[in-house]
Amino acid sequence: MKQAGTTNFVGSADAAHVLDPIPFQIDVADIARRVHLPGTPEDNPEDWRDLAALVARFQTVGRPKAIIRLAAVTSHDANGVTIDGRHYFASSTLAQRLAEQHRLWLHCATCGQEVAPLAEGLDVFQQLWFEELKMALLRAAGKAVQDTIKRAYAVKSLAGMAPGSGDARVWPIEDLRTLFDAFSGQIQSALGVELTDSMLMLPNKTGAGVYFASDEAFASCELCHRNNCPHRRRPFNQELWEKTFPGQ
Ligand code: SF4
């Protein structure tokens, strides 16, 4: 069983850092709450026992992982930013956020492919548990990314953006390809993550984007009109929307 502890850098080719292994600890009660498992271990022992058994298998087999690369913001224009002199991110919002910044961190974090065989034989409810458990691995990998950047680069607070997060105009999802290109194939080779032609990242519990130093809390959710999103981190911010997209 993996124990919570320190995440180590593994490898540093092309200044990219692979985080693998990433320690994690899954709490059965937390997953039960997230999947709305009825009852308690006392009055619904069968489901709780099955969930605990699946959590134990995830704890043994799961291998969340991530990759981080420090990059230079080499130029800005009104519509986007150029990274390392050759990768262009077409996001006016990102350009505004990076107006005072000369560096950012590209990252990708994933639940990993190792748990995929554990889906075999699960019923329709247990498939939901399975997806929630993969989310737990992704959260562990995402936290490791932030903790590592803060520790390794002495950054106090970070804000992030990702292609495809927020309304489409905030940062078109097609820039995921640019992000993957900026890692020169290392996302695939080190993490086993594939980006399909329709911009799906596989495994499905994978996230990729950028972080930058910022004292101002920000999440793309503030520029997202999607209603009833279960993953919303901050409310829609009308004032910020008008500042970001004046007259629109
Ligand atoms: S509200 Fe939901 S869809 Fe919109 S950016 Fe936030 S997490 Fe993504």
# chains A, B, ... in the order shown; residues from 1 in each chain; ligands from 1
call {"tool": "residues_near_ligand", "arguments": {"ligand": "ligand 1", "cutoff": "10 Å", "atoms": "only C-alpha atoms and all ligand atoms", "output": "JSON, numbers by chain"}}
result
{"A": [161, 162, 163, 164, 165, 166, 167, 168, 170, 219, 220, 221, 222, 223, 224, 225, 226, 227, 228, 229, 230, 231, 232, 233, 234, 235, 236]}
call {"tool": "residues_around", "arguments": {"residues": "Gln101 of chain A", "least_positions_apart": "3", "cutoff": "8 Å", "atoms": "only C-alpha atoms", "output": "NGL selection string"}}
result
:A and (73 or 98 or 104 or 212-213)
call {"tool": "atom_distance", "arguments": {"atom1": "atom CA of Ser189 of chain A", "atom2": "atom CA of Arg69 of chain A"}}
result
14.8 Å
call {"tool": "select_by_dssp", "arguments": {"residues": "segment 8-248 of chain A", "states": "strand (DSSP E)", "output": "ChimeraX atom specification"}}
result
/A:9-10,16-19,65-77,80-83,87-89,103-110,158-161,194-195,201-202,206-213
call {"tool": "write_last_selection", "arguments": {"atoms": "C-alpha atoms", "output": "mmCIF file, in the first residue's frame"}}
result
data_model
loop_
_atom_site.group_PDB
_atom_site.id
_atom_site.type_symbol
_atom_site.label_atom_id
_atom_site.label_comp_id
_atom_site.auth_asym_id
_atom_site.auth_seq_id
_atom_site.Cartn_x
_atom_site.Cartn_y
_atom_site.Cartn_z
ATOM 1 C CA PHE A 9 10.973 14.427 -9.212
ATOM 2 C CA VAL A 10 11.870 11.603 -11.572
ATOM 3 C CA ALA A 16 10.373 18.639 -17.625
ATOM 4 C CA HIS A 17 9.817 17.014 -14.247
ATOM 5 C CA VAL A 18 7.872 13.786 -13.979
ATOM 6 C CA LEU A 19 6.141 13.158 -10.642
ATOM 7 C CA LYS A 65 1.326 10.729 -12.078
ATOM 8 C CA ALA A 66 2.089 14.161 -13.460
ATOM 9 C CA ILE A 67 4.555 16.195 -15.468
ATOM 10 C CA ILE A 68 5.583 19.842 -15.046
ATOM 11 C CA ARG A 69 7.674 22.080 -17.266
ATOM 12 C CA LEU A 70 8.790 25.613 -16.525
ATOM 13 C CA ALA A 71 8.418 27.795 -19.619
ATOM 14 C CA ALA A 72 9.193 31.397 -20.529
ATOM 15 C CA VAL A 73 6.544 33.876 -21.620
ATOM 16 C CA THR A 74 8.466 35.373 -24.513
ATOM 17 C CA SER A 75 5.861 37.714 -25.991
ATOM 18 C CA HIS A 76 2.280 38.918 -25.564
ATOM 19 C CA ASP A 77 -0.230 40.380 -27.957
ATOM 20 C CA GLY A 80 -2.536 35.475 -26.782
ATOM 21 C CA VAL A 81 0.996 34.704 -25.623
ATOM 22 C CA THR A 82 4.053 33.009 -27.073
ATOM 23 C CA ILE A 83 5.841 30.465 -24.904
ATOM 24 C CA HIS A 87 4.373 27.864 -28.899
ATOM 25 C CA TYR A 88 1.436 30.260 -29.265
ATOM 26 C CA PHE A 89 -1.525 30.046 -26.872
ATOM 27 C CA ARG A 103 7.270 32.529 -16.667
ATOM 28 C CA LEU A 104 4.601 29.891 -16.235
ATOM 29 C CA TRP A 105 4.409 26.179 -15.579
ATOM 30 C CA LEU A 106 2.882 23.803 -18.080
ATOM 31 C CA HIS A 107 1.478 20.674 -16.509
ATOM 32 C CA CYS A 108 -0.468 17.500 -17.064
ATOM 33 C CA ALA A 109 -1.797 15.262 -14.272
ATOM 34 C CA THR A 110 -3.571 11.944 -14.619
ATOM 35 C CA LEU A 158 -0.606 30.126 -7.965
ATOM 36 C CA ALA A 159 -3.498 30.671 -10.339
ATOM 37 C CA GLY A 160 -4.218 28.443 -13.273
ATOM 38 C CA MET A 161 -5.965 28.176 -16.599
ATOM 39 C CA GLU A 194 -3.125 10.300 -25.271
ATOM 40 C CA LEU A 195 -4.804 13.316 -26.846
ATOM 41 C CA MET A 201 -7.439 13.235 -23.033
ATOM 42 C CA LEU A 202 -7.240 9.525 -22.225
ATOM 43 C CA THR A 206 -6.625 13.707 -16.835
ATOM 44 C CA GLY A 207 -6.103 17.453 -16.599
ATOM 45 C CA ALA A 208 -3.663 19.741 -18.418
ATOM 46 C CA GLY A 209 -3.067 23.462 -18.333
ATOM 47 C CA VAL A 210 -0.798 26.180 -16.991
ATOM 48 C CA TYR A 211 -0.067 27.715 -13.630
ATOM 49 C CA PHE A 212 1.419 31.136 -12.993
ATOM 50 C CA ALA A 213 2.351 33.074 -9.874
#
call {"tool": "atom_distance", "arguments": {"atom1": "atom CA of Thr196 of chain A", "atom2": "atom CA of Glu132 of chain A"}}
result
22.6 Å
call {"tool": "closest_residue", "arguments": {"among": "A:Ile173, A:Ala90, A:Val193, A:Cys111", "to": "Phe24 of chain A", "atoms": "only C-alpha atoms"}}
result
A:Cys111
call {"tool": "select_by_dssp", "arguments": {"residues": "segment 31-207 of chain A", "states": "alpha helix (DSSP H)", "output": "PyMOL selection string"}}
result
chain A and resi 31-34+45-61+92-97+124-153+175-182+186
call {"tool": "closest_atom_pairs", "arguments": {"of": "segment 83-125 of chain A", "to": "segment 38-59 of chain A", "cutoff": "12 Å", "atoms": "only C-alpha atoms", "output": "CSV"}}
result
residue,atom,partner,partner_atom,distance
A:Cys111,CA,A:Phe58,CA,10.5
A:Gly112,CA,A:Phe58,CA,11.1
A:Gln113,CA,A:Phe58,CA,11.5
A:Glu114,CA,A:Phe58,CA,9.1
A:Val115,CA,A:Phe58,CA,6.6
A:Ala116,CA,A:Phe58,CA,10.0
A:Pro117,CA,A:Phe58,CA,10.6
A:Leu118,CA,A:Arg57,CA,7.7
A:Ala119,CA,A:Leu54,CA,9.5
A:Glu120,CA,A:Leu54,CA,11.4
A:Gly121,CA,A:Leu54,CA,11.6
A:Leu122,CA,A:Leu54,CA,9.8
A:Asp123,CA,A:Asp50,CA,11.2
A:Phe125,CA,A:Asp47,CA,10.0
call {"tool": "closest_residue", "arguments": {"among": "A:Asp27, A:Leu128, A:Asp175, A:Gln238", "to": "Leu94 of chain A", "atoms": "only C-alpha atoms"}}
result
A:Asp175
